[in-house]
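Enquirer: Here's a structure for you.
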2 protein chains.
Amino acid sequence: MLGEVHKKVLELLMRSEGFVSSSRIASELSISKASVSRVVKELVSYGFVIEVNPKLGYRVEVVDDVRHVSKVLKNMNIHYLDICTSTQDIADMLASQGAPEGTVVICEEMSYGRGRLGRKWVAGRGGLWFTIVLKPKMIKSLQLLTLIAGTSVVKTLKELYNLDVSVKWPNDVLLSGRKLCGVLIEARLEADRVNYVLVGVGVNVNNELPEELRGTGVTLMEVLGCRVPRVPILKGVVSNLLNLYNELLRGNDDVVISEWKRYNSTIGRKVKVVSFNEVFEGIAVDVGVDGSLIVSTGGSVRRVSVGDVVHLS
Amino acid sequence: MLGEVHKKVLELLMRSEGFVSSSRIASELSISKASVSRVVKELVSYGFVIEVNPKLGYRVEVVDDVRHVSKVLKNMNIHYLDICTSTQDIADMLASQGAPEGTVVICEEMSYGRGRLGRKWVAGRGGLWFTIVLKPKMIKSLQLLTLIAGTSVVKTLKELYNLDVSVKWPNDVLLSGRKLCGVLIEARLEADRVNYVLVGVGVNVNNELPEELRGTGVTLMEVLGCRVPRVPILKGVVSNLLNLYNELLRGNDDVVISEWKRYNSTIGRKVKVVSFNEVFEGIAVDVGVDGSLIVSTGGSVRRVSVGDVVHLS
């Protein structure tokens, strides 16, 4: 988790167009120049791309940081593309050809981004669009993997920017009731074996939202009031996700469920459930061991594992 | 089910290289020429491609019947290819582009045929290699779908040729302990939705088995002593499979399980189970409601849903 000083240095850098001198940072925050240097190094370890100029000072890369992703996150197997149909498609191809677990495909723009249930996902420049390949030998429930993805994004955004984000069942990330991030989990299975799972994550960062999504969607740039680097978010999400995934592999489903519960805003809410063959309302009371949402409709308790949930209150 | 007269007419036609006159059939079977004509029409309705020549009589197509498949099975959505990597690959592409449920891809030869667990499947000319696309909205267990596939092949081969075939858990079809047919079920899922399932079926019919498979594999041509038409098998398997699939969709899992049990040769057997992380032996005692194999190891009862089973006795 970023400390207070780190956040202040980061804010200063993010809100400046160009370089900020070490002395200015030191004086504004009442810390030594040595401390500034140390804090900057620590920010770099979080994935921030920070340019250091002996004369001008420091500058954080907010526009093109993803282009440098392979150099910044050296220990990850990353495929960077300027544009593709969808990072899911590329990851699918790579995984079917033997790409290892943990492979990440990231791009600047998707021409055919897709969301859950075959919906379109608008993915213009400036957003964070990536897919992680997982190859679990067996999996009890894909639903639990879904919970992990949303949770990882929320944890990361809290760690980096202390944002009041929450996860809506199963995996949308909301900020002030608007959608900041969506997750698409796709799996390729044989009857009795998981070949691979593709976890697609789309975070609205510095991208423009189309007119029709401005009411329901939100970007980080809107919320933070400046352009926001994407690589640290990628790094945090992948790291949080792999940690929770390893808990699942070790059979600690309860850890995953309790982490999801900690960050969710669905439980306790009045919800409308839109499943493929029915629509009903009720109170979301809990999440089952398989990740399904448990909804009390007054008369009965229903278990929801497919479909959309709308928060009504 | 083919009647006795139909089987006799069929046998006569299959064992002849060229045409067989109506009078010869009528006299050999002691039936009228009108009966011969009726029986031939009924055989055609099973998918046999029978050429009728007013002078020469009847001839059943055994070499090239699959080439005529679209004409013979007019009400099916069939894609016929001479050669492809695998019918699973083509069906995958078609299904992802919106091909409807029930679409069948069939080919004469696969250059990269694959079996379960990423194994190679040798698929030379003369065999029956096809994939059916299913698009269930939800599915309780892919394992149950697997049981359906093997069962459908066994039922069809019993109906057409009264062969002593059986299904080995989960879906290999055996004849005298040798493998006649394999099934590969692959699914494309979102976390909470089945996009589509590809049921791949490979039946050794008139194909040459490679040297190394001659001990463990068997072809229909070997068993029946003549070249065997493939279209009637395709038609029967698809029809039996869709019937059982509809039972599953209606929630009649018990019908599927009892049909599988009726044709299986695994229950009651001493078996060796080879799963991804262990090997153990026991007696196969039953199949669970999810299609898993229940194995008694003496000390305990184990539920097997992943892996291979070897019949030991």
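Ordered as shown in the structure tokens, chains take letters A, B, and onward, while each chain numbers its residues from 1 and ligands are numbered from 1 in the order shown.
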List the spatial neighbours of region 25-40 of chain B as a list in words - criterion: any atom at most 8 Å away, only C-alpha atoms, same-chain residues fewer than 2 positions off excluded.

Expert: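 Contacts, in chain order: Val5, His6, Lys8, Val9, Leu12, Val20, Ser21, Ser22, Ser23, Glu42, Leu43, Val44 and Ile50 of chain B.
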
Enquirer: May I have the residues of chain A within 9 Å of chain B, counting only C-alpha atoms, written as a VMD selection string?

Expert: chain A and resid 116 to 118 137 to 138 141 to 146 184 to 193 195 276 305 to 307

Enquirer: Residues as selected, C-alpha atoms, written as a PDB file, in the first residue's frame, can you do that?

Expert:
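selection-v9.pdb was written with the following content:
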ATOM      1  CA  ARG A 116     -20.085 -10.420 -20.679  1.00  0.00           C
ATOM      2  CA  LEU A 117     -22.939 -12.159 -22.472  1.00  0.00           C
ATOM      3  CA  GLY A 118     -21.628 -11.207 -25.886  1.00  0.00           C
ATOM      4  CA  LYS A 137      -5.449 -28.145 -13.574  1.00  0.00           C
ATOM      5  CA  MET A 138      -8.937 -28.308 -12.143  1.00  0.00           C
ATOM      6  CA  SER A 141     -16.095 -23.029  -9.885  1.00  0.00           C
ATOM      7  CA  LEU A 142     -15.386 -20.449 -12.539  1.00  0.00           C
ATOM      8  CA  GLN A 143     -17.620 -18.165 -10.514  1.00  0.00           C
ATOM      9  CA  LEU A 144     -14.974 -18.011  -7.788  1.00  0.00           C
ATOM     10  CA  LEU A 145     -12.389 -16.951 -10.354  1.00  0.00           C
ATOM     11  CA  THR A 146     -14.724 -14.158 -11.373  1.00  0.00           C
ATOM     12  CA  LEU A 184     -14.839 -11.077 -18.802  1.00  0.00           C
ATOM     13  CA  ILE A 185     -13.877 -14.614 -17.858  1.00  0.00           C
ATOM     14  CA  GLU A 186     -13.748 -17.103 -20.696  1.00  0.00           C
ATOM     15  CA  ALA A 187     -12.699 -20.710 -20.365  1.00  0.00           C
ATOM     16  CA  ARG A 188     -11.694 -23.433 -22.747  1.00  0.00           C
ATOM     17  CA  LEU A 189     -12.474 -26.826 -21.323  1.00  0.00           C
ATOM     18  CA  GLU A 190     -12.510 -30.438 -22.194  1.00  0.00           C
ATOM     19  CA  ALA A 191     -15.279 -32.371 -20.488  1.00  0.00           C
ATOM     20  CA  ASP A 192     -13.039 -33.157 -17.546  1.00  0.00           C
ATOM     21  CA  ARG A 193     -10.133 -30.766 -17.871  1.00  0.00           C
ATOM     22  CA  ASN A 195      -7.344 -26.156 -20.881  1.00  0.00           C
ATOM     23  CA  PHE A 276     -31.722 -15.838 -19.084  1.00  0.00           C
ATOM     24  CA  SER A 305     -25.152 -18.073 -10.736  1.00  0.00           C
ATOM     25  CA  VAL A 306     -26.081 -16.728 -14.166  1.00  0.00           C
ATOM     26  CA  GLY A 307     -27.188 -13.309 -15.226  1.00  0.00           C
TER      27      GLY A 307
END

Enquirer: Just list as a PyMOL selection string whatever in region 12-258 of chain B DSSP marks as alpha helix (DSSP H).

Expert: chain B and resi 12-15+22-29+33-45+69-72+87-96+142-161+220-224+231-249+253-258

Enquirer: So which residues of region 28-252 of chain A fall under strand (DSSP E) by DSSP, listed as a ChimeraX atom specification?

Expert: /A:50-53,57-60,78-84,104-110,128-134,165-168,172-175,178-190,193-203

Enquirer: Suppose we keep C-alpha atoms; can you now write the selection as an mmCIF file, in the first residue's frame?

Expert:
data_model
loop_
_atom_site.group_PDB
_atom_site.id
_atom_site.type_symbol
_atom_site.label_atom_id
_atom_site.label_comp_id
_atom_site.auth_asym_id
_atom_site.auth_seq_id
_atom_site.Cartn_x
_atom_site.Cartn_y
_atom_site.Cartn_z
ATOM 1 C CA ILE A 50 9.261 8.071 -13.881
ATOM 2 C CA GLU A 51 11.799 9.930 -15.927
ATOM 3 C CA VAL A 52 14.706 11.379 -13.980
ATOM 4 C CA ASN A 53 16.600 14.405 -15.333
ATOM 5 C CA GLY A 57 13.883 16.771 -11.816
ATOM 6 C CA TYR A 58 11.167 14.099 -12.166
ATOM 7 C CA ARG A 59 8.374 13.480 -14.617
ATOM 8 C CA VAL A 60 5.804 10.676 -14.481
ATOM 9 C CA ILE A 78 3.807 -9.583 -21.593
ATOM 10 C CA HIS A 79 2.559 -9.185 -25.147
ATOM 11 C CA TYR A 80 1.953 -5.550 -26.021
ATOM 12 C CA LEU A 81 -0.097 -4.541 -29.051
ATOM 13 C CA ASP A 82 -1.101 -1.156 -30.312
ATOM 14 C CA ILE A 83 -4.450 -2.342 -31.611
ATOM 15 C CA CYS A 84 -6.195 -5.722 -31.801
ATOM 16 C CA VAL A 104 -0.527 -11.047 -20.188
ATOM 17 C CA VAL A 105 -1.806 -9.495 -23.404
ATOM 18 C CA ILE A 106 -2.290 -5.751 -23.303
ATOM 19 C CA CYS A 107 -3.227 -3.262 -25.999
ATOM 20 C CA GLU A 108 -3.902 0.430 -26.470
ATOM 21 C CA GLU A 109 -7.146 -0.053 -28.358
ATOM 22 C CA MET A 110 -9.543 -2.898 -29.144
ATOM 23 C CA LEU A 128 -6.368 -0.216 -19.626
ATOM 24 C CA TRP A 129 -7.301 -3.316 -21.617
ATOM 25 C CA PHE A 130 -5.640 -6.598 -20.836
ATOM 26 C CA THR A 131 -6.076 -10.359 -20.489
ATOM 27 C CA ILE A 132 -4.285 -12.772 -18.174
ATOM 28 C CA VAL A 133 -3.961 -16.462 -19.049
ATOM 29 C CA LEU A 134 -4.527 -18.948 -16.223
ATOM 30 C CA VAL A 165 -14.532 1.643 -5.230
ATOM 31 C CA SER A 166 -16.545 -1.506 -4.689
ATOM 32 C CA VAL A 167 -17.305 -4.694 -6.543
ATOM 33 C CA LYS A 168 -20.833 -5.414 -7.721
ATOM 34 C CA ASP A 172 -18.133 -5.038 -12.085
ATOM 35 C CA VAL A 173 -16.142 -2.387 -10.287
ATOM 36 C CA LEU A 174 -18.226 0.649 -9.343
ATOM 37 C CA LEU A 175 -17.299 4.142 -8.265
ATOM 38 C CA ARG A 178 -20.938 4.145 -12.020
ATOM 39 C CA LYS A 179 -18.971 1.462 -13.825
ATOM 40 C CA LEU A 180 -15.205 1.884 -13.760
ATOM 41 C CA CYS A 181 -14.178 -1.614 -14.753
ATOM 42 C CA GLY A 182 -15.611 -4.756 -16.269
ATOM 43 C CA VAL A 183 -14.302 -8.311 -16.283
ATOM 44 C CA LEU A 184 -14.839 -11.077 -18.802
ATOM 45 C CA ILE A 185 -13.877 -14.614 -17.858
ATOM 46 C CA GLU A 186 -13.748 -17.103 -20.696
ATOM 47 C CA ALA A 187 -12.699 -20.710 -20.365
ATOM 48 C CA ARG A 188 -11.694 -23.433 -22.747
ATOM 49 C CA LEU A 189 -12.474 -26.826 -21.323
ATOM 50 C CA GLU A 190 -12.510 -30.438 -22.194
ATOM 51 C CA ARG A 193 -10.133 -30.766 -17.871
ATOM 52 C CA VAL A 194 -9.584 -27.024 -17.961
ATOM 53 C CA ASN A 195 -7.344 -26.156 -20.881
ATOM 54 C CA TYR A 196 -7.083 -22.520 -19.909
ATOM 55 C CA VAL A 197 -9.001 -19.571 -18.574
ATOM 56 C CA LEU A 198 -8.768 -16.060 -19.966
ATOM 57 C CA VAL A 199 -9.382 -13.275 -17.482
ATOM 58 C CA GLY A 200 -10.096 -10.096 -19.403
ATOM 59 C CA VAL A 201 -10.037 -6.809 -17.512
ATOM 60 C CA GLY A 202 -11.083 -3.430 -18.856
ATOM 61 C CA VAL A 203 -10.544 -0.321 -16.737
#

Enquirer: Could you list, as number ranges by chain, every residue within 9 Å of Gly47 (chain A), counting only C-alpha atoms and ignoring same-chain residues fewer than 5 positions away?

Expert: A: 69, 72-73, 229-236

Enquirer: Please, what distance in Å, to one decimal, runs between CA of His68 (chain B) and CA of Val228 (chain B)?

Expert: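 Here the two named atoms are 15.1 Å from each other.
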
Enquirer: For a quick check of understanding, using only C-alpha atoms, which of B:Leu220, B:Tyr245, B:Leu147, B:Val271 has the smallest distance to Gly288 (chain B)?

Expert: B:Leu147

Enquirer: For Glu278 (chain B), which of B:Asn252, B:Asp308, B:Gly113, B:Lys155 is the closest residue, counting only C-alpha atoms?

Expert: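 Under the stated criterion, the closest residue is B:Asp308.
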